[in-house]
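Student: Mind having a look at this structure? Questions to follow.
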Amino acid sequence: MNRVYEIAILMVETARVAARNALRGGARSAIAVAAIGFALLMVLLQLGFLNAVRITGTNLYNELDFDIMIVSPNYDELYSPGDFPKERLVRAKSLASVVAARPVFTSFGMWRCPPYPFDPAEHREKPLLKLLGLERPPQPLQRRELLVIGIDLDDNPFREPVRSRIEAEKSKLKLAGRVLLNERSNPEYGWPNRSRFHDWELNLTAVEVVGGFFMLRGFGSDGSLICGDRDFGAILGRDVDDRVNLGLVKVVPGTVQSTIKALQQLLPNDVWILSREEMIRMESAYWVELTSTGMIFSIGVLVSLLVATIVIHQIVGADVRRRLAEYATLRACGHGATTNHAIVVFQSLIYGLAAFVPAVAGALGVYRLTEDATRIPMRLTTENLAIALATAIAAGLVGSILALGKLRSADPADLM
Amino acid sequence: MLLDPKVQISKPPDSFDDRLAIDAKGIAFSFGSGDSRTPALRGIDLAIERGEIVVLTGPSGSGKTTFLTLAGALRSVQEGSLHVLGRDLSKLSGREQKAHRKRIGFIFQLHNLFGSLKAIENVRMAAILRPDLEGGSIDSRCRNLLVELGLGDRLNHLPARLSGGQRQRVAIARALVNRPELILADEPTASLDSESGEIVVSLFRKLAQGPERTTVVIVTHDPRLLDRADRVVRLVDGRVESNTRRSRNTVVTETDN
Amino acid sequence: MNTMKYFLLNNWIFISEAARLAGRNLVASFFWLVSAVAGTSFAVILMMLQTGFKNALEDSTTSVIDRLDGDLFIVSKRMYILAIPQTFPLRRIEAAAGFAGVKSAYPLMIENRRTSWRRSGDGVSRRIRVIAYPPRSDLLDIAEVKATRDAWSAPETALADSLSKPHLVGRIHTGDVSELSRRRLKIVGMFSLGTDFHNDGTLIMSDANLLRYVPERAGSSRGDDRIDIGVIKIQPGYRIDQIESAIAAILPGDVRVLSKAEFVAKEKRFWKRVAPIGIVFDIGVGVGLIVGMAICYQVLFAEVSDRLAEFATMKAIGHTELFLGLAVVIQALLLAAISFAVGLAISAGLYRLAHAATGLPMDMRIGDAREILALTIGMCSIAGLLAASRLKTADPAALFK
C-alpha cells in the first residue's frame with residue numbers, strides 16, 4: 001500500500017514538473033506548440049480530404065434503409081451500377097425472413113440550371129471569398145448533369161430524415177414531373193433560387209421542384225434529385241417494371257447472414273448479394289483505393305503523417321535536449337531515470353494536447369473555407385481526430401525518449 | 001556601412017589627460033529597480049594609466065566584473081563619470097559604444113569559441129573588424145599571433161580538438177588580434193597550465209611596454225598574475241578597498257573601510 | 001571612387017565571413033543537419049506533391065483535346081465538359097466540310113458510359129473510355145496510334161492505353177482477345193495517353209467499329225450518327241478565325257465551333273469555376289509552407305540558442321546584430337538550398353510512383369519547381385529572420401561572470 005502511495009506521489013510530482021516546464025517555457029514552448037499545431041492541422045486537413053472521398057462512396061447508401069443489397073454483377077460503383085431483372089426482388093420477397101425488397105433506380109440526367117446571379121441587381125459580394133479569388137463567377141442558364149434517384153413512392157426505401165421529407169411531399173410527387181432537389185447540391189443546380197425559378201427541365205422534360213432533401217455531395221456527382229419511378233421511367237426512357245439498379249432488402253433482425261445464404265441459393269447468378277456492411281465497405285474501398293482522387297488524397301494523408309511525425313518528433317526532442325541539464329540535475333539529486341522518463345512522457349502529452357485543441361479549431365475553420373470554396377463535404381470524424389491525436393502523442397513520445405537516451409550518457413559531473 | 005559599426009575611431013579625445021586609459025570618478029551602478037534594486041558599485045574612483053597592467057581582486061560580488069562591463073562599454077554608466085581611452089562613455093550612443101569596443105580586447109572566463117570554426121577562423125572573426133590594421137593581411141595577422149601564443153601547429157584545429165588551455169589561448173588571440181589599446185580580461189589564466197600562463201603574461205607585458213602602451217585590466221585571483229601586475233586594486237562591496245602599486249610597493253590611495 | 005572601393009571591399013569581407021560562419025554552423029552537427037534537412041525537405045515534398053496533383057487534375061482534363069490534330073472543333077451546344085457526353089448528328093460537320101479553306105472535317109466519338117471492358121483475368125467488366133474516329137484521319141497526334149493505323153482499321157480491333165489503371169480495367173496487352181460490351185474485341189497495339197478523374201482506361205478504335213459496339217449511336221442514315229466532336233483542319237494560307245466565324249454563321253443552334261485555344265480554355269474554366277478542387281491543393285501547399293516555416297524556425301532558433309554565448313561574444317568585440325543576423329539568414333538559405341535539392345529528388349521519385357499508380361500526368365514543370373524553390377527560400381529566410389531576432393537577447397554584458 002505504501003508503495004502505491006509513493007508511486008502516486010511521484011506521478012503527481014512529475015506531472016507538476018512537466019506542466020511547469022511546458023508553461024514556463026515561454027516563447028520556445030509557444031513556438032513548439034504552434035509548430036505541432038500546424039503539423040496536426042495539416043494532417044487533419046488531408047484526412048478531411050480523404051474522408052470527402054469516402055463520403056462520395058457512402059453518401060447515398062448512408063441514407064438508404066437496407067440490410068442486404070442486390071446488384072448486377074456488372075456493378076462498378078454507385079454511378080455505374082448496371083441493372084438486373086426486377087423479378088429477382090419479387091422472388092426475394094418470398095423468403096420468410098425478408099421484410100421488404102425495394103427497387104432503387106439511378107441514372108445521370110441533364111438538369112437545366114438557373115443563371116447566376118439569378119437577379120444581378122441583388123448580387124452581393126462576399127469580401128473574404130473575393131479576396132481569396134474563390135468567389136463564384138457569373139454563369140448563364142445552362143444544362144448540367146446530376147444523379148437522378150427513382151423510387152417507388154409507396155414503398156419508401158430511405159431512412160430518416162430523407163424518408164419524412166419524401167413522405168411529406170408524397171402526394172405531390174405522385175403527379176407527373178415532380179421532383180425533390182438535394183439541398184446540398186452545388187448551388188449551380190439552383191436550390192437557393194427554387195422559389196423564383198420555374199423553368200426546370202430534366203432531360204428536356206419540364207419538371208417542378210416540390211421540395212428538397214439533404215444528402216452529402218461527393219466527387220461522383222455534385223447534384224442529385226429524387227423522383228417517383230413513373231417519372232424516372234418516362235423522363236429517362238427506362239423500363240422501370242423490367243430492370244432495376246439497386247435492390248434494397250430489409251430482413252427480420254438477426255437474420256442477415258442466413259438470408260444472404262438463402263438468397264444466394266434462391267436467385268440465379270445474374271445478381272450479387274451483399275450485406276449492408278459489405279456494400280459500404282466495397283464502395284468506400286472503390287473510391288478510396290481505386291479512383292485517382294482517392295489515391296491522390298491517400299498519398300496526401302501518408303505524406304502529411306510523415307511530415308507531422310518528423311516535425312513533432314523533432315520539436316519535442318529539441319525541447320527535451322534543451323532541458324537536458326535540468327534532467328541531469330534531477331538525476332544528480334538522486335532521482336532515478338524513471339522520474340525523468342515520466343516527466344518527459346507527461347510533457348509530450350501536454351504539448352500534444354495543447355497543440356491539438358487549436359489544431360482542431362483551426363481545422364474546423366479551414367474545413368469550412370474548403371467546403372465553401374470547393375463544395376467538397378468536409379467532416380471532422382472521431383476516427384480522424386483520434387488519428388491526429390495519436391500521431392501527436394506517439395511522435396512526441398518517441399522524440400522525447402530518443403532525446404533522453406542522450407541523458408544516459410550525460411554525466412552529472414559535467415554540469416559543474 | 002551596415003555590416004560594420006564604423007564610427008570614426010580616432011576622434012579627438014574628450015578628456016584632457018591623455019596619459020590615462022581609464023579615468024573613473026564616483027562610479028555607482030545598481031541592478032534592478034525599486035525594492036529589488038541592488039547596488040553593485042557604490043562610488044569608484046580609479047585612474048589607470050596607459051601601459052599599466054592592473055589586477056582587480058576582491059570577494060565575489062564586490063563589483064569587479066560590473067566595473068569591467070562598464071569600462072568595456074557593455075553597459076551604460078548610471079552615475080559618475082567614466083572616461084575610457086579618452087572618450088566620455090556616458091556620451092556615447094549605442095552605435096558609438098560598439099565602435100568604441102573595437103578598441104578594446106575582451107577575454108572572457110569561458111572561451112566562447114565557435115565550435116564550428118577552426119582556431120584561425122575564430123580569430124579571423126575578430127580580425128575582419130579592423131581590415132585597415134598594418135602588419136600584413138588579415139590571415140597573416142591571425143597566424144602570427146597564434147604562433148606567438150604557441151599554437152602554430154593548431155591553426156586548423158576545431159576547438160573540440162584543442163585542450164582547455166589551447167582554447168583559452170585562441171580566445172586570447174581573438175582579443176589581441178586587433179591590437180587593442182585596452183584589454184579587459186576575466187580570469188584569463190584560470191584554465192592555463194603554468195607554461196601557457198607564462199606565455200600569456202609575457203605577451204601582456206610585451207604589449208604594455210611596447211610602442212602602443214596597451215593597458216591591461218585583469219580580474220583574477222591567480223597569484224602568478226598578482227606578482228606580475230603593476231598595480232593591484234582590491235574591491236570590496238562596490239568600493240575600492242586598497243590600491244597598491246606593486247613594483248614600488250607603495251600605496252597610491254587608501255580608502256577608509 | 002576609392003571610398004567606394006573600400007566600402008565594397010570592407011563589406012565583402014563581412015559577407016564572406018558571415019557566409020563562412022553560416023556554412024560551418026550548418027555542417028557542424030551532423031544530427032542537427034539531418035533533422036533540419038529532413039523537416040524542411042519534407043515540407044518541400046508536400047508542396048511539390050500538392051502542386052503535382054493540381055497539375056495532374058488540370059492537365060488530365062485536356063489531355064485528349066491537347067492531342068487532337070485540328071484547327072477548329074464542332075461540339076454540341078450543351079457540351080460543358082468533354083467527360084460528360086453530349087452528342088450531335090454527323091451531318092453538322094458535313095456542312096462545314098464544303099467551306100473554302102477547309103482541308104478536312106472528321107468525326108470523333110468518345111464513349112465512356114455504354115462501353116465496358118471484360119478483364120481477361122477474372123472476367124469482371126469495367127467501364128472504359130473508347131475514342132473512335134476514321135483511322136486514316138490521324139485525328140489523335142500519338143505516334144503509336146498513327147503507325148498502327150492499318151491494324152486497327154480491321155473490324156473488332158482496337159488499341160489500348162498502356163497507362164490504363166490495371167487494378168480497374170486489368171492489364172491489357174497486344175494480342176489480348178476479350179469482350180467490349182459483350183462483343184468480341186482484339187487488342188492489336190498499345191499507345192500511351194493516360195487517365196483522368198473520370199476515365200480509368202482508354203481504347204482507340206475506328207468509328208465504324210464503335211457503331212458495332214454501341215449501335216445506339218447509329219442513326220437511320222450516316223448523317224444521323226451521333227458524334228461528340230467534329231475536327232476540322234484548315235488549309236495553309238487561310239485564317240482560322242475567319243473560317244471559324246463563317247462556319248459559326250451557317251451552323252444550326254444545337255452546335256458551336258471552337259478554336260483549340262477556346263476548347264481548352266472552356267474545359268479549364270469549368271473545372272476552375274464549378275469544381276475548384278485545385279484549391280484543395282493550393283491549401284495543401286499553403287499548409288506545407290507554414291509547417292515548413294515552423295520547423296525551419298524551430299531548428300534555427302535552437303541553433304542560435306545553442307550558440308548564444310558565442311554570438312554575444314561577437315557583439316562584445318564590436319560585431320553588429322545585422323552581421324550576425326546575416327550569418328543566420330545565410331545558414332537558413334543554405335538549408336533551403338539543400339532541402340530543396342533533397343525534396344526535388346524525392347519528389348521526382350514520388351511523381352513517378354503516383355503516375356504509375358494513377359495513370360495521371362505527373363510532370364515536374366520547370367515553372368512549378370522554380371515557384372516552389374522561391375517558396376522554400378521565402379519560407380526559410382523568414383524563419384531565419386525570426387530566429388535571428390533571438391540575437392537581440394544575446395547580452396555581451398552577461399559574459400563577464
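In the C-alpha cells, each chain is lettered A, B, ... as it comes, each chain's residues begin at 1, and ligands are numbered from 1 in order of appearance.
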Within 6 Å of Leu108 of chain C, counting only C-alpha atoms, which residues qualify if same-chain residues fewer than 3 places away don't, as a VMD selection string?

Tutor: chain C and resid 132 to 133 228 to 229

Student: Would you write out those residues with C-alpha atoms, as a PDB file, in the first residue's frame?

Tutor:
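What follows is the written file again_14.pdb:
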```pdb
ATOM      1  CA  ALA C 132     -13.239   6.409 -82.137  1.00  0.00           C
ATOM      2  CA  TYR C 133     -12.543   8.122 -85.473  1.00  0.00           C
ATOM      3  CA  ASP C 228     -19.011  14.131 -79.980  1.00  0.00           C
ATOM      4  CA  ILE C 229     -16.510  16.342 -81.806  1.00  0.00           C
TER       5      ILE C 229
END
```

Student: Would you list the contacts of segment 150-158 of chain A as a list in words, taking every protein, DNA or RNA residue within 6 Å and counting only C-alpha atoms, but skipping same-chain residues closer than 2 positions in sequence?

Tutor: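 Once the adjacent positions are removed, what remains is Glu63, Leu64, Asp65, Val104, Phe105, Arg163, Ile226, Cys227, Gly228, Asp229 and Phe232 of chain A.
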
Student: Check every residue of chain C for an atom within 9 Å of chain A, counting only C-alpha atoms, and provide those that qualify as a PyMOL selection string.

Tutor: chain C and resi 35-36+38-39+42-43+45-46+49-50+53+78-80+84+113+116+124-127+165+167-168+195-198+200+273-280+283-284+287-288+290-295+297-299+301-302+306+354+357-360

Student: Among segment 128-302 of chain C, which residues carry a DSSP assignment of alpha helix (DSSP H), reported as a ChimeraX atom specification?

Tutor: /C:143-147,166-169,207-213,240-250,260-273,278-302

Student: Distance cut-off 6 Å, counting only C-alpha atoms - which residues of chain C neighbour chain B? Return them as a VMD selection string.

Tutor: chain C and resid 24 to 25 28 310 317 to 318 323 397 400

Student: I need the residue nearest Thr189 of chain B from this list: B:Gly58, B:Pro223, B:Gly150, B:Gly32. Use only C-alpha atoms for the distance.

Tutor: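 Among the listed residues, the smallest separation from Thr189 of chain B belongs to B:Pro223.
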
Student: For the strand (DSSP E) assignment from backbone DSSP, which residues of segment 118-303 of chain A qualify? Please present them as JSON, numbers by chain.

Tutor: {"A": [142, 143, 144, 145, 146, 147, 148, 149, 150, 151, 178, 179, 180, 181, 182, 201, 202, 205, 206, 208, 209, 210, 211, 212, 213, 224, 225, 226, 227, 228, 243, 244, 246, 247, 248, 249, 250, 251, 272, 273, 274, 275]}

Student: Grab the atom CA of Lys93 of chain A to atom CA of Arg281 of chain A distance for me, in Å with one decimal place.

Tutor: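 Separation between atom CA of Lys93 of chain A and atom CA of Arg281 of chain A: 25.2 Å.
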
Student: Skipping near chain neighbours, those fewer than 4 positions away, what residues fall within 10 Å of Thr58 of chain A using only C-alpha atoms, listed as an NGL selection string?

Tutor: :A and (52-54 or 62-64 or 78 or 216-218 or 279-284 or 287)

Student: Rounded to one decimal, what separation in Å do you get between atom CA of Gln347 of chain A and atom CA of Ala15 of chain A?

Tutor: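 A separation of 7.7 Å between them.
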
Student: Leaving out Gly325 of chain C and any residue of its chain fewer than 3 positions from it, which residues lie within 9 Å of it when counting only C-alpha atoms, given as a list in words?

Tutor: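 Using only C-alpha atoms, the neighbours found are Ala18, Thr320, Glu321, Leu322, Val328, Val329, Ile330, Gly384, Leu385, Ala387, Ala388, Ser389 and Leu391 of chain C.
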
Student: Might you pull out every residue within 8 Å of Pro89 of chain C, with only C-alpha atoms counted and same-chain residues fewer than 5 positions away left off, and present them as an mmCIF file with N, CA and C atoms, in the first residue's frame?

Tutor:
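Just written: part-v9.cif:
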```
data_model
loop_
_atom_site.group_PDB
_atom_site.id
_atom_site.type_symbol
_atom_site.label_atom_id
_atom_site.label_comp_id
_atom_site.auth_asym_id
_atom_site.auth_seq_id
_atom_site.Cartn_x
_atom_site.Cartn_y
_atom_site.Cartn_z
ATOM 1 N N GLY C 223 -25.602 10.390 -91.832
ATOM 2 C CA GLY C 223 -25.699 11.771 -91.346
ATOM 3 C C GLY C 223 -26.339 11.877 -89.969
ATOM 4 N N ASP C 224 -27.059 10.833 -89.553
ATOM 5 C CA ASP C 224 -27.710 10.861 -88.252
ATOM 6 C C ASP C 224 -26.880 10.199 -87.149
ATOM 7 N N ASP C 225 -25.740 9.641 -87.523
ATOM 8 C CA ASP C 225 -24.876 9.031 -86.499
ATOM 9 C C ASP C 225 -24.519 10.083 -85.456
ATOM 10 N N ARG C 226 -24.490 9.649 -84.152
ATOM 11 C CA ARG C 226 -24.218 10.610 -83.082
ATOM 12 C C ARG C 226 -22.706 10.698 -82.840
ATOM 13 N N ILE C 227 -22.179 11.891 -82.957
ATOM 14 C CA ILE C 227 -20.741 12.072 -82.713
ATOM 15 C C ILE C 227 -20.535 13.137 -81.627
#
```

Student: Which residues are close to segment 368-374 of chain C, i.e. within 7 Å by only C-alpha atoms, leaving aside same-chain residues fewer than 4 positions away? Reply as a ChimeraX atom specification.

Tutor: /C:340,364,378

Student: Generate the output file for the selected residues, C-alpha atoms, as a PDB file, in the first residue's frame.

Tutor:
```pdb
ATOM      1  CA  PHE C 340      15.044  21.862 -51.950  1.00  0.00           C
ATOM      2  CA  MET C 364       7.641  18.240 -62.901  1.00  0.00           C
ATOM      3  CA  GLY C 378      10.991  32.605 -48.718  1.00  0.00           C
TER       4      GLY C 378
END
```
